[in-house]
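To be precise, the following lines are model-v6.tsv, and they hold TSV, C-alpha atoms and all ligand atoms.
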```tsv
chain	number	residue	atom	x	y	z
S	34	MET	CA	16.15	-13.97	-9.63
S	35	ARG	CA	17.00	-14.86	-6.03
S	36	SER	CA	14.15	-16.69	-4.33
S	37	VAL	CA	14.35	-14.49	-1.21
S	38	LEU	CA	12.89	-11.63	-3.28
S	39	ARG	CA	9.59	-13.50	-3.49
S	40	ILE	CA	9.10	-13.20	0.26
S	41	ILE	CA	10.31	-9.63	0.75
S	42	ASN	CA	7.39	-7.22	1.04
S	43	PRO	CA	8.02	-3.87	-0.62
S	44	TYR	CA	8.81	-1.03	1.76
S	45	ASP	CA	5.72	1.13	2.18
S	46	ALA	CA	7.03	4.64	1.45
S	47	GLY	CA	3.62	6.22	2.15
S	48	VAL	CA	1.71	8.73	0.08
S	49	PHE	CA	3.04	11.78	-1.70
S	50	PRO	CA	0.00	13.95	-2.31
S	51	GLU	CA	0.34	16.93	-4.62
S	52	GLY	CA	-1.24	20.37	-4.50
S	53	GLU	CA	-2.54	22.42	-1.59
S	54	VAL	CA	-2.77	19.68	1.02
S	55	ILE	CA	-1.50	19.25	4.55
S	56	ASN	CA	0.99	16.41	4.50
S	57	LEU	CA	1.70	14.97	7.92
S	58	SER	CA	2.52	11.50	6.69
S	59	SER	CA	6.30	11.05	6.25
S	60	ASN	CA	7.93	12.48	9.40
S	61	GLU	CA	9.44	15.30	7.39
S	62	ASN	CA	10.48	18.64	8.83
S	63	PRO	CA	7.77	21.15	7.75
S	64	TYR	CA	10.16	24.12	7.76
S	65	LYS	CA	12.11	25.47	4.80
S	66	PRO	CA	15.94	25.37	4.85
S	67	SER	CA	17.82	28.30	6.41
S	68	LYS	CA	18.79	31.11	4.02
S	69	ALA	CA	22.45	30.04	4.23
S	70	VAL	CA	21.55	26.45	3.27
S	71	LYS	CA	19.52	27.63	0.30
S	72	LYS	CA	22.42	29.81	-0.85
S	73	ALA	CA	25.01	27.04	-0.40
S	74	TYR	CA	22.83	24.67	-2.40
S	75	LEU	CA	22.24	27.15	-5.22
S	76	ASP	CA	25.90	28.25	-5.36
S	77	SER	CA	27.01	24.64	-5.78
S	78	MET	CA	25.00	24.43	-9.01
S	79	THR	CA	27.87	25.90	-11.01
S	80	LYS	CA	29.96	22.81	-10.21
S	81	ILE	CA	27.53	20.01	-10.94
S	82	ASN	CA	29.38	18.99	-14.10
S	83	ARG	CA	32.02	17.58	-11.67
S	84	TYR	CA	31.76	14.55	-9.39
S	85	PRO	CA	31.64	15.23	-5.66
S	86	ASP	CA	34.75	14.57	-3.53
S	87	ALA	CA	34.67	10.77	-3.28
S	88	SER	CA	35.91	10.70	0.32
S	89	TYR	CA	33.41	13.33	1.54
S	90	SER	CA	36.13	14.58	3.86
S	91	LYS	CA	34.72	18.14	4.27
S	92	LEU	CA	31.32	16.74	5.14
S	93	LYS	CA	32.80	14.25	7.61
S	94	ILE	CA	34.81	17.01	9.31
S	95	ALA	CA	31.65	19.14	9.65
S	96	ILE	CA	29.73	16.17	11.12
S	97	SER	CA	32.67	15.37	13.39
S	98	GLU	CA	32.65	18.94	14.77
S	99	TYR	CA	28.87	18.80	15.20
S	100	LEU	CA	29.07	15.58	17.20
S	101	GLY	CA	32.48	15.93	18.85
S	102	ILE	CA	33.58	12.57	17.40
S	103	GLU	CA	36.62	11.84	15.22
S	104	PRO	CA	35.93	11.90	11.45
S	105	GLU	CA	37.53	8.43	11.05
S	106	ARG	CA	34.53	6.97	12.87
S	107	ILE	CA	32.05	8.49	10.42
S	108	SER	CA	30.79	6.89	7.22
S	109	VAL	CA	28.23	8.47	4.92
S	110	GLY	CA	25.47	7.28	2.62
S	111	CYS	CA	22.52	8.14	0.43
S	112	GLY	CA	20.21	8.72	3.38
S	113	SER	CA	20.45	6.62	6.50
S	114	SER	CA	18.39	4.12	4.48
S	115	GLU	CA	21.51	3.24	2.45
S	116	LEU	CA	23.47	2.75	5.66
S	117	ILE	CA	20.96	0.27	7.11
S	118	SER	CA	21.64	-1.82	4.04
S	119	ARG	CA	25.43	-1.34	4.22
S	120	VAL	CA	25.63	-2.25	7.91
S	121	CYS	CA	23.80	-5.51	7.12
S	122	GLU	CA	26.17	-6.16	4.22
S	123	VAL	CA	29.25	-5.51	6.35
S	124	LEU	CA	28.20	-7.59	9.37
S	125	VAL	CA	25.69	-10.27	8.40
S	126	GLU	CA	26.45	-13.60	6.73
S	127	GLU	CA	23.79	-16.03	5.51
S	128	LEU	CA	21.87	-17.58	8.45
S	129	ASP	CA	23.41	-15.26	11.04
S	130	ARG	CA	20.83	-14.36	13.66
S	131	VAL	CA	19.48	-10.82	13.33
S	132	VAL	CA	17.05	-9.65	16.01
S	133	ILE	CA	14.69	-6.79	15.18
S	134	PRO	CA	12.50	-5.84	18.14
S	135	MET	CA	9.02	-4.86	16.99
S	136	PRO	CA	6.99	-2.77	16.35
S	137	SER	CA	9.63	-0.77	14.50
S	138	TYR	CA	10.80	0.57	11.15
S	139	SER	CA	10.05	-1.99	8.47
S	140	LEU	CA	13.08	-1.27	6.25
S	141	TYR	CA	15.33	-3.24	8.65
S	142	LEU	CA	13.51	-6.42	7.62
S	143	VAL	CA	14.09	-5.84	3.91
S	144	TYR	CA	17.89	-5.63	4.26
S	145	ALA	CA	18.21	-8.39	6.85
S	146	MET	CA	16.14	-10.66	4.61
S	147	LEU	CA	18.28	-9.78	1.62
S	148	ARG	CA	21.28	-11.09	3.58
S	149	GLU	CA	19.31	-14.35	4.09
S	150	ALA	CA	19.77	-13.93	7.81
S	151	SER	CA	17.89	-15.93	10.39
S	152	ILE	CA	15.60	-13.17	11.61
S	153	SER	CA	13.71	-12.88	14.90
S	154	THR	CA	11.13	-10.15	15.38
S	155	PRO	CA	10.19	-10.32	19.07
S	156	ILE	CA	7.23	-8.14	19.92
S	157	PHE	CA	7.45	-5.78	22.88
S	158	GLU	CA	4.32	-3.90	23.82
S	159	LYS	CA	4.83	-0.18	23.20
S	160	TYR	CA	8.42	-1.08	22.20
S	161	GLU	CA	9.41	-1.51	25.83
S	162	ILE	CA	12.22	-3.97	25.17
S	163	ASN	CA	12.92	-6.70	27.69
S	164	PRO	CA	16.67	-7.44	27.49
S	165	ASN	CA	16.25	-10.96	28.96
S	166	PHE	CA	14.98	-12.03	25.56
S	167	PHE	CA	18.43	-11.63	23.97
S	168	GLU	CA	20.42	-13.75	26.40
S	169	ASP	CA	19.72	-17.13	24.83
S	170	LEU	CA	19.52	-15.92	21.27
S	171	LYS	CA	23.03	-14.48	21.11
S	172	PRO	CA	22.31	-12.41	17.99
S	173	LYS	CA	24.98	-11.46	15.49
S	174	LEU	CA	23.17	-8.15	15.03
S	175	THR	CA	20.35	-6.46	16.93
S	176	ILE	CA	18.66	-3.45	15.34
S	177	ILE	CA	17.16	-0.91	17.70
S	178	CYS	CA	15.44	2.36	16.88
S	179	SER	CA	15.55	5.20	19.43
S	180	PRO	CA	13.34	7.26	19.37
S	181	ASN	CA	11.44	4.44	17.72
S	182	ASN	CA	9.41	4.78	14.56
S	183	PRO	CA	6.39	4.44	14.96
S	184	THR	CA	5.93	4.33	18.76
S	185	GLY	CA	8.02	7.47	19.45
S	186	ASN	CA	9.63	6.26	22.70
S	187	THR	CA	13.35	5.99	23.42
S	188	VAL	CA	15.04	2.80	24.61
S	189	LYS	CA	16.49	2.91	28.12
S	190	LYS	CA	20.29	2.96	28.54
S	191	ASP	CA	20.39	-0.05	30.87
S	192	VAL	CA	18.34	-2.07	28.36
S	193	VAL	CA	20.84	-1.35	25.57
S	194	GLU	CA	23.74	-2.17	27.92
S	195	ARG	CA	22.18	-5.56	28.63
S	196	ILE	CA	21.57	-6.23	24.92
S	197	LEU	CA	25.21	-5.33	24.23
S	198	GLU	CA	26.31	-8.15	26.53
S	199	SER	CA	24.61	-10.80	24.40
S	200	SER	CA	24.59	-9.35	20.88
S	201	GLU	CA	27.77	-9.30	18.82
S	202	TYR	CA	26.79	-5.98	17.21
S	203	VAL	CA	24.04	-3.48	17.94
S	204	LEU	CA	22.82	-0.98	15.36
S	205	ILE	CA	21.02	1.95	16.97
S	206	ASP	CA	19.00	3.97	14.48
S	207	GLU	CA	18.80	7.55	15.77
S	208	ALA	CA	17.15	9.22	12.77
S	209	TYR	CA	15.04	11.25	15.25
S	210	ALA	CA	17.69	11.75	17.97
S	211	GLU	CA	17.71	15.56	17.88
S	212	PHE	CA	14.04	15.69	18.92
S	213	SER	CA	14.90	13.82	22.10
S	214	ASP	CA	17.15	14.72	25.03
S	215	GLU	CA	18.76	11.27	25.09
S	216	ASN	CA	21.00	9.50	22.60
S	217	PHE	CA	23.53	6.70	22.41
S	218	LEU	CA	26.44	8.49	20.78
S	219	ASN	CA	28.69	7.91	23.81
S	220	PHE	CA	28.09	4.18	23.49
S	221	VAL	CA	30.11	4.21	20.26
S	222	LEU	CA	33.12	5.37	22.29
S	223	GLU	CA	32.45	3.04	25.21
S	224	PHE	CA	31.66	-0.14	23.27
S	225	ASP	CA	33.36	-1.41	20.15
S	226	ASN	CA	30.26	-3.21	18.86
S	227	VAL	CA	27.83	-0.26	18.56
S	228	ILE	CA	26.90	1.52	15.35
S	229	VAL	CA	24.75	4.65	15.59
S	230	LEU	CA	22.85	5.86	12.52
S	231	ARG	CA	21.87	9.47	11.93
S	232	SER	CA	20.11	11.38	9.18
S	233	PHE	CA	19.96	14.88	7.71
S	234	SER	CA	16.34	14.21	6.71
S	235	LYS	CA	14.55	15.03	9.96
S	236	PHE	CA	16.15	17.63	12.29
S	237	PHE	CA	18.02	19.31	9.42
S	238	GLY	CA	15.03	19.05	7.08
S	239	LEU	CA	17.00	17.83	4.04
S	240	ALA	CA	14.95	14.71	3.25
S	241	GLY	CA	14.94	15.51	-0.47
S	242	LEU	CA	18.75	15.58	-0.63
S	243	ARG	CA	19.34	12.08	0.81
S	244	ILE	CA	22.16	12.36	3.35
S	245	GLY	CA	22.80	9.96	6.20
S	246	TYR	CA	25.77	8.89	8.27
S	247	ALA	CA	26.89	6.18	10.63
S	248	ILE	CA	29.18	6.45	13.65
S	249	SER	CA	31.05	3.32	14.64
S	250	ASN	CA	34.51	1.96	15.31
S	251	LYS	CA	37.06	2.75	12.62
S	252	GLU	CA	37.12	-0.76	11.19
S	253	ILE	CA	33.36	-0.81	10.53
S	254	SER	CA	33.47	2.74	9.25
S	255	ASP	CA	36.24	1.83	6.76
S	256	ALA	CA	34.30	-1.24	5.64
S	257	ILE	CA	31.13	0.78	4.99
S	258	GLU	CA	33.12	3.42	3.12
S	259	LYS	CA	34.67	0.68	1.00
S	260	ILE	CA	31.35	-0.69	-0.26
S	261	ARG	CA	28.96	2.26	-0.34
S	262	LEU	CA	28.05	3.88	-3.63
S	263	PRO	CA	31.18	5.77	-4.79
S	264	PHE	CA	29.32	9.09	-5.06
S	265	ALA	CA	26.40	8.41	-2.76
S	266	ILE	CA	25.63	12.07	-1.98
S	267	SER	CA	25.40	14.82	-4.60
S	268	SER	CA	27.63	17.89	-4.34
S	269	PRO	CA	24.66	20.25	-3.69
S	270	GLY	CA	23.68	17.83	-0.92
S	271	VAL	CA	27.15	18.04	0.62
S	272	GLU	CA	27.17	21.86	0.53
S	273	ALA	CA	23.65	22.06	1.98
S	274	ALA	CA	24.52	19.63	4.79
S	275	ILE	CA	27.70	21.50	5.76
S	276	SER	CA	25.83	24.79	5.72
S	277	ALA	CA	22.98	23.27	7.79
S	278	ILE	CA	25.47	22.35	10.52
S	279	LYS	CA	26.76	25.93	10.44
S	280	SER	CA	23.13	27.17	10.73
S	281	ILE	CA	22.61	25.11	13.89
S	282	GLU	CA	20.88	27.99	15.78
S	283	TYR	CA	18.17	28.13	13.11
S	284	TYR	CA	17.59	24.37	13.30
S	285	ILE	CA	17.51	24.39	17.11
S	286	GLU	CA	14.79	27.06	16.92
S	287	VAL	CA	12.86	24.92	14.43
S	288	ARG	CA	13.31	21.85	16.63
S	289	ASN	CA	12.02	23.73	19.68
S	290	LYS	CA	8.90	24.79	17.78
S	291	ILE	CA	8.29	21.19	16.69
S	292	ILE	CA	8.72	19.87	20.25
S	293	MET	CA	6.33	22.50	21.63
S	294	GLU	CA	3.77	21.57	19.01
S	295	ARG	CA	4.29	17.85	19.69
S	296	GLU	CA	3.41	18.36	23.35
S	297	ARG	CA	0.44	20.60	22.49
S	298	ILE	CA	-1.01	18.09	19.99
S	299	PHE	CA	-0.41	15.25	22.45
S	300	TYR	CA	-2.61	16.96	25.04
S	301	GLU	CA	-5.21	18.02	22.47
S	302	LEU	CA	-5.54	14.39	21.33
S	303	LYS	CA	-5.75	13.20	24.94
S	304	LYS	CA	-8.51	15.72	25.59
S	305	MET	CA	-10.41	14.18	22.68
S	306	GLU	CA	-9.90	10.80	24.39
S	307	PHE	CA	-7.66	9.34	21.72
S	308	GLU	CA	-5.17	6.73	22.88
S	309	VAL	CA	-1.91	8.52	22.02
S	310	PHE	CA	1.65	7.37	22.70
S	311	PRO	CA	4.05	9.85	24.40
S	312	SER	CA	6.78	10.70	21.88
S	313	LYS	CA	10.38	11.92	21.80
S	314	ALA	CA	10.35	12.28	18.00
S	315	ASN	CA	8.61	14.56	15.49
S	316	PHE	CA	5.47	12.41	15.26
S	317	LEU	CA	2.74	10.90	17.42
S	318	LEU	CA	1.20	7.44	17.23
S	319	VAL	CA	-2.54	7.28	17.84
S	320	LYS	CA	-4.77	4.23	18.15
S	321	VAL	CA	-7.98	4.57	16.18
S	322	GLN	CA	-10.96	2.36	15.58
S	323	ASN	CA	-12.28	3.18	12.18
S	324	ASP	CA	-12.33	5.61	9.31
S	325	VAL	CA	-10.44	8.64	10.72
S	326	PHE	CA	-7.76	8.30	8.04
S	327	GLU	CA	-10.31	8.55	5.20
S	328	PHE	CA	-12.14	11.35	7.01
S	329	LEU	CA	-8.92	13.41	7.18
S	330	LYS	CA	-7.92	12.50	3.63
S	331	ASP	CA	-11.24	13.81	2.34
S	332	LYS	CA	-10.33	17.10	3.99
S	333	ASP	CA	-6.88	17.07	2.31
S	334	VAL	CA	-5.05	16.25	5.55
S	335	PHE	CA	-2.71	13.30	5.02
S	336	VAL	CA	-1.36	11.24	7.93
S	337	ARG	CA	0.20	7.74	7.84
S	338	ARG	CA	-2.19	4.84	8.28
S	339	ILE	CA	-0.56	1.89	10.04
S	340	ASP	CA	-2.60	-1.28	9.77
S	341	ASN	CA	-1.42	-4.47	11.43
S	342	LEU	CA	2.29	-3.75	11.57
S	343	ILE	CA	4.11	-6.60	13.36
S	344	GLY	CA	3.54	-5.87	17.05
S	345	LEU	CA	0.80	-3.28	16.56
S	346	GLU	CA	-2.45	-5.15	16.23
S	347	GLY	CA	-5.29	-3.08	14.87
S	348	ARG	CA	-5.35	0.33	13.31
S	349	TYR	CA	-3.16	3.30	14.13
S	350	LEU	CA	-2.35	6.69	12.70
S	351	ARG	CA	1.14	8.13	12.77
S	352	ILE	CA	0.87	11.89	12.67
S	353	THR	CA	3.93	14.00	11.80
S	354	ILE	CA	4.12	17.28	13.70
S	355	GLY	CA	3.62	20.09	11.20
S	356	LYS	CA	3.66	23.87	11.53
S	357	LYS	CA	1.29	25.33	14.10
S	358	GLU	CA	-1.26	26.39	11.49
S	359	GLU	CA	-1.24	22.91	9.90
S	360	ASN	CA	-1.65	21.26	13.27
S	361	ASN	CA	-4.56	23.58	14.05
S	362	VAL	CA	-6.36	22.37	10.92
S	363	LEU	CA	-5.70	18.76	11.92
S	364	ILE	CA	-7.07	19.36	15.42
S	365	LYS	CA	-10.12	21.18	14.05
S	366	PHE	CA	-11.01	18.23	11.80
S	367	LEU	CA	-10.32	15.64	14.49
S	368	ARG	CA	-12.69	17.54	16.80
S	369	SER	CA	-15.39	17.57	14.16
S	370	TYR	CA	-14.73	13.85	13.57
S	371	ARG	CA	-15.22	13.19	17.28
S	372	CYS	CA	-18.48	15.21	17.32
S	373	LYS	CA	-19.74	13.37	14.24
S	374	SER	CA	-18.89	9.92	15.58
S	375	SER	CA	-20.38	10.55	19.04
S	376	ALA	CA	-23.57	12.13	17.59
S	401	LIG	C1	13.68	5.16	11.88
S	401	LIG	C2	14.11	5.63	10.55
S	401	LIG	N1	15.34	5.32	10.12
S	401	LIG	C3	15.77	5.72	8.92
S	401	LIG	C4	14.96	6.45	8.08
S	401	LIG	C5	15.48	6.82	6.73
S	401	LIG	O1	15.83	8.13	6.68
S	401	LIG	P1	16.74	8.72	5.51
S	401	LIG	O2	17.06	7.62	4.56
S	401	LIG	O3	15.92	9.80	4.88
S	401	LIG	O4	17.96	9.24	6.20
S	401	LIG	C6	13.66	6.80	8.48
S	401	LIG	C7	12.79	7.57	7.58
S	401	LIG	O5	11.66	7.87	7.84
S	401	LIG	C8	13.22	6.37	9.76
S	401	LIG	O6	11.99	6.63	10.19
```
I'd like the structure from this file rewritten - as structure tokens, please.
Amino acid sequence: MRSVLRIINPYDAGVFPEGEVINLSSNENPYKPSKAVKKAYLDSMTKINRYPDASYSKLKIAISEYLGIEPERISVGCGSSELISRVCEVLVEELDRVVIPMPSYSLYLVYAMLREASISTPIFEKYEINPNFFEDLKPKLTIICSPNNPTGNTVKKDVVERILESSEYVLIDEAYAEFSDENFLNFVLEFDNVIVLRSFSKFFGLAGLRIGYAISNKEISDAIEKIRLPFAISSPGVEAAISAIKSIEYYIEVRNKIIMERERIFYELKKMEFEVFPSKANFLLVKVQNDVFEFLKDKDVFVRRIDNLIGLEGRYLRITIGKKEENNVLIKFLRSYRCKSSA
């Protein structure tokens, strides 16, 4: 076995509790698919003896219309997770410098390490990236997440522009872009060295179907398409994704509910004097001192515990925004936790 595998830590996929619990741990969309998506998925069942269309051209055209970007610039994968790996495979040679500003999504490290890259993980408090850092390093690839998981903030445009001057390629992971009013899609058209990653798992609530895509220049897009799994996305997944794009009004309504709840929970947590990070995604990061995670777990409310992630010293909780009634239960228990701990 390759020796690099001995130093790669497994990706922490979180907990998957079963039964009647409130699960706010994996940044999923709490809402069910639209009726049209459910129908498209079920109708496709009659064809699952056949392979999906290997070029995914119908899906790419739907995504292209959704984004207003030519289909030739779009490559697809089994979740945006697959595409993080493929981008590293396409761009990174052994010992190339890959810069991953921290604290951020830990999967980037797994795939950069697998390429045996020379990796830097500069720490920026609250993920406020200082572009001066990149000037001397001249990275082959910089991986940015905006809105960032787990801090929830977006990266400023002028910061990315500065990074683009010194980094040969910049991958911008926008898995949560639709929950924010800013994104870097235009950068793909303006700069030849930008790759933007998107997902159907969050805004479109299709995490279980595993559909992601990348937008880049045509050369990178062709290269990713050449090496990805031949049938990375199932045919029910394709039909559901196309139908989800057609149901955009439903998903915008869902998104608006999630954003309203995000702001409400933010202020509720502030009122309870928690240190909470402002967020442009579908989750909130909260600094905690002690056993809140266990307290909530005992009440069947699951959030993500983040202990000593690179760049986040101490203990934090990352709370996915659920439906209003789920969030109310969370708030109720956090209030009783506060009363208990101040008694
Ligand atoms: C920042 C970020 N990127 C990518 C992913 C992977 O998403 P998927 O593979 O479901 O598209 C996640 C999942 O939580 C994420 O938080």
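If you measure from each of S:Glu282, S:Glu258, S:Glu308, S:Glu61 to Ser108 of chain S using only C-alpha atoms, the closest one turns out to be S:Glu258.
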Surrounding residues as a PDB file with C-alpha atoms, in the frame of the given file, ligand LIG 401 (chain S), max 8 Å, all atoms listed in the file:
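Contents of selection.pdb, freshly written:
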```pdb
ATOM      1  CA  SER S  59       6.300  11.050   6.250  1.00  0.00           C
ATOM      2  CA  ASN S  60       7.930  12.480   9.400  1.00  0.00           C
ATOM      3  CA  GLU S  61       9.440  15.300   7.390  1.00  0.00           C
ATOM      4  CA  CYS S 111      22.520   8.140   0.430  1.00  0.00           C
ATOM      5  CA  GLY S 112      20.210   8.720   3.380  1.00  0.00           C
ATOM      6  CA  SER S 113      20.450   6.620   6.500  1.00  0.00           C
ATOM      7  CA  SER S 114      18.390   4.120   4.480  1.00  0.00           C
ATOM      8  CA  GLU S 115      21.510   3.240   2.450  1.00  0.00           C
ATOM      9  CA  ILE S 117      20.960   0.270   7.110  1.00  0.00           C
ATOM     10  CA  SER S 137       9.630  -0.770  14.500  1.00  0.00           C
ATOM     11  CA  TYR S 138      10.800   0.570  11.150  1.00  0.00           C
ATOM     12  CA  LEU S 140      13.080  -1.270   6.250  1.00  0.00           C
ATOM     13  CA  CYS S 178      15.440   2.360  16.880  1.00  0.00           C
ATOM     14  CA  SER S 179      15.550   5.200  19.430  1.00  0.00           C
ATOM     15  CA  PRO S 180      13.340   7.260  19.370  1.00  0.00           C
ATOM     16  CA  ASN S 181      11.440   4.440  17.720  1.00  0.00           C
ATOM     17  CA  ASN S 182       9.410   4.780  14.560  1.00  0.00           C
ATOM     18  CA  PRO S 183       6.390   4.440  14.960  1.00  0.00           C
ATOM     19  CA  ASP S 206      19.000   3.970  14.480  1.00  0.00           C
ATOM     20  CA  GLU S 207      18.800   7.550  15.770  1.00  0.00           C
ATOM     21  CA  ALA S 208      17.150   9.220  12.770  1.00  0.00           C
ATOM     22  CA  TYR S 209      15.040  11.250  15.250  1.00  0.00           C
ATOM     23  CA  LEU S 230      22.850   5.860  12.520  1.00  0.00           C
ATOM     24  CA  ARG S 231      21.870   9.470  11.930  1.00  0.00           C
ATOM     25  CA  SER S 232      20.110  11.380   9.180  1.00  0.00           C
ATOM     26  CA  PHE S 233      19.960  14.880   7.710  1.00  0.00           C
ATOM     27  CA  SER S 234      16.340  14.210   6.710  1.00  0.00           C
ATOM     28  CA  LYS S 235      14.550  15.030   9.960  1.00  0.00           C
ATOM     29  CA  ALA S 240      14.950  14.710   3.250  1.00  0.00           C
ATOM     30  CA  GLY S 241      14.940  15.510  -0.470  1.00  0.00           C
ATOM     31  CA  ARG S 243      19.340  12.080   0.810  1.00  0.00           C
ATOM     32  CA  ILE S 244      22.160  12.360   3.350  1.00  0.00           C
ATOM     33  CA  GLY S 245      22.800   9.960   6.200  1.00  0.00           C
TER      34      GLY S 245
END
```
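Between Thr187 of chain S and the candidates S:Tyr99, S:Ile40, S:Lys279, S:Phe217, the tightest atom-to-atom separation, counting all atoms listed in the file, involves S:Phe217.
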Phe212 of chain S proximity check over S:Leu38, S:Ile177, S:Ile285, S:Ile266, using only C-alpha atoms: winner is S:Ile285
* Nearby residues (all atoms listed in the file) at most 10 Å from segment 80-84 of chain S, same-chain spacing under 4 positions excluded, as a PyMOL selection string -> chain S and resi 76+263-264+266-269
Exercise. Leaving out Ser249 of chain S and any residue of its chain fewer than 5 positions from it, which residues lie within 12 Å of it when counting only C-alpha atoms, given as a VMD selection string?
Worked result: chain S and resid 102 to 109 116 120 202 to 205 217 to 231 254 to 258
Taking C-alpha atoms for each residue, export the selection above as a PDB file, in the coordinates of the input.
```pdb
ATOM      1  CA  ILE S 102      33.580  12.570  17.400  1.00  0.00           C
ATOM      2  CA  GLU S 103      36.620  11.840  15.220  1.00  0.00           C
ATOM      3  CA  PRO S 104      35.930  11.900  11.450  1.00  0.00           C
ATOM      4  CA  GLU S 105      37.530   8.430  11.050  1.00  0.00           C
ATOM      5  CA  ARG S 106      34.530   6.970  12.870  1.00  0.00           C
ATOM      6  CA  ILE S 107      32.050   8.490  10.420  1.00  0.00           C
ATOM      7  CA  SER S 108      30.790   6.890   7.220  1.00  0.00           C
ATOM      8  CA  VAL S 109      28.230   8.470   4.920  1.00  0.00           C
ATOM      9  CA  LEU S 116      23.470   2.750   5.660  1.00  0.00           C
ATOM     10  CA  VAL S 120      25.630  -2.250   7.910  1.00  0.00           C
ATOM     11  CA  TYR S 202      26.790  -5.980  17.210  1.00  0.00           C
ATOM     12  CA  VAL S 203      24.040  -3.480  17.940  1.00  0.00           C
ATOM     13  CA  LEU S 204      22.820  -0.980  15.360  1.00  0.00           C
ATOM     14  CA  ILE S 205      21.020   1.950  16.970  1.00  0.00           C
ATOM     15  CA  PHE S 217      23.530   6.700  22.410  1.00  0.00           C
ATOM     16  CA  LEU S 218      26.440   8.490  20.780  1.00  0.00           C
ATOM     17  CA  ASN S 219      28.690   7.910  23.810  1.00  0.00           C
ATOM     18  CA  PHE S 220      28.090   4.180  23.490  1.00  0.00           C
ATOM     19  CA  VAL S 221      30.110   4.210  20.260  1.00  0.00           C
ATOM     20  CA  LEU S 222      33.120   5.370  22.290  1.00  0.00           C
ATOM     21  CA  GLU S 223      32.450   3.040  25.210  1.00  0.00           C
ATOM     22  CA  PHE S 224      31.660  -0.140  23.270  1.00  0.00           C
ATOM     23  CA  ASP S 225      33.360  -1.410  20.150  1.00  0.00           C
ATOM     24  CA  ASN S 226      30.260  -3.210  18.860  1.00  0.00           C
ATOM     25  CA  VAL S 227      27.830  -0.260  18.560  1.00  0.00           C
ATOM     26  CA  ILE S 228      26.900   1.520  15.350  1.00  0.00           C
ATOM     27  CA  VAL S 229      24.750   4.650  15.590  1.00  0.00           C
ATOM     28  CA  LEU S 230      22.850   5.860  12.520  1.00  0.00           C
ATOM     29  CA  ARG S 231      21.870   9.470  11.930  1.00  0.00           C
ATOM     30  CA  SER S 254      33.470   2.740   9.250  1.00  0.00           C
ATOM     31  CA  ASP S 255      36.240   1.830   6.760  1.00  0.00           C
ATOM     32  CA  ALA S 256      34.300  -1.240   5.640  1.00  0.00           C
ATOM     33  CA  ILE S 257      31.130   0.780   4.990  1.00  0.00           C
ATOM     34  CA  GLU S 258      33.120   3.420   3.120  1.00  0.00           C
TER      35      GLU S 258
END
```
Distance of atom CA of Ile352 of chain S from atom CA of Val336 of chain S, expressed in Å to one decimal place: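 Distance between the two atoms: 5.3 Å.
Nearest residue to Lys190 of chain S, choosing from S:Leu92, S:Phe335, S:Thr154, S:Asn216 and counting only C-alpha atoms: S:Asn216.
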Practice prompt. Excluding Tyr300 of chain S and any residue of its chain fewer than 3 positions from it, enumerate the residues within 12 Å of it, using all atoms listed in the file, and give them as a list of chain:residue names.
Written response: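 Once the nearby chain positions are removed, what remains is S:Met293, S:Glu294, S:Arg295, S:Glu296, S:Arg297, S:Lys303, S:Lys304, S:Met305, S:Glu306, S:Phe307, S:Glu308, S:Val309, S:Phe310, S:Pro311, S:Ser312, S:Leu317, S:Ile364.
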Can you spit out the residues from that selection as an mmCIF file, in the coordinates of the input, using C-alpha atoms?
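The new file selection19.cif reads:
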```
data_model
loop_
_atom_site.group_PDB
_atom_site.id
_atom_site.type_symbol
_atom_site.label_atom_id
_atom_site.label_comp_id
_atom_site.auth_asym_id
_atom_site.auth_seq_id
_atom_site.Cartn_x
_atom_site.Cartn_y
_atom_site.Cartn_z
ATOM 1 C CA MET S 293 6.330 22.500 21.630
ATOM 2 C CA GLU S 294 3.770 21.570 19.010
ATOM 3 C CA ARG S 295 4.290 17.850 19.690
ATOM 4 C CA GLU S 296 3.410 18.360 23.350
ATOM 5 C CA ARG S 297 0.440 20.600 22.490
ATOM 6 C CA LYS S 303 -5.750 13.200 24.940
ATOM 7 C CA LYS S 304 -8.510 15.720 25.590
ATOM 8 C CA MET S 305 -10.410 14.180 22.680
ATOM 9 C CA GLU S 306 -9.900 10.800 24.390
ATOM 10 C CA PHE S 307 -7.660 9.340 21.720
ATOM 11 C CA GLU S 308 -5.170 6.730 22.880
ATOM 12 C CA VAL S 309 -1.910 8.520 22.020
ATOM 13 C CA PHE S 310 1.650 7.370 22.700
ATOM 14 C CA PRO S 311 4.050 9.850 24.400
ATOM 15 C CA SER S 312 6.780 10.700 21.880
ATOM 16 C CA LEU S 317 2.740 10.900 17.420
ATOM 17 C CA ILE S 364 -7.070 19.360 15.420
#
```
Report, in Å with one decimal, the straight-line distance from atom CA of Glu252 of chain S to atom CA of Ser139 of chain S.
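If I compute the distance from atom CA of Glu252 of chain S to atom CA of Ser139 of chain S, I get 27.2 Å.
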Could you check which of S:Ala73, S:Val48, S:Cys121, S:Met146 is closest to Ser36 of chain S, using all atoms listed in the file?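 Nearest candidate to Ser36 of chain S out of S:Ala73, S:Val48, S:Cys121, S:Met146: S:Met146.
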Straight-line distance linking atom CA of Ile339 of chain S with atom CA of Lys373 of chain S, stated in Å to one decimal:
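Atom CA of Lys373 of chain S lies 22.7 Å from atom CA of Ile339 of chain S.
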Who sits within 12 Å of Pro50 of chain S, only C-alpha atoms, same chain under 3 positions skipped, as JSON, numbers by chain: {"S": [47, 53, 54, 55, 56, 57, 58, 59, 330, 333, 334, 335, 336, 337]}
Query raised in the report: With distances taken over only C-alpha atoms, which of S:Pro66, S:Gly101, S:Pro85, S:Pro172 is nearest to Ile133 of chain S?
Result: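 Ranked by minimum distance to Ile133 of chain S, first place goes to S:Pro172.
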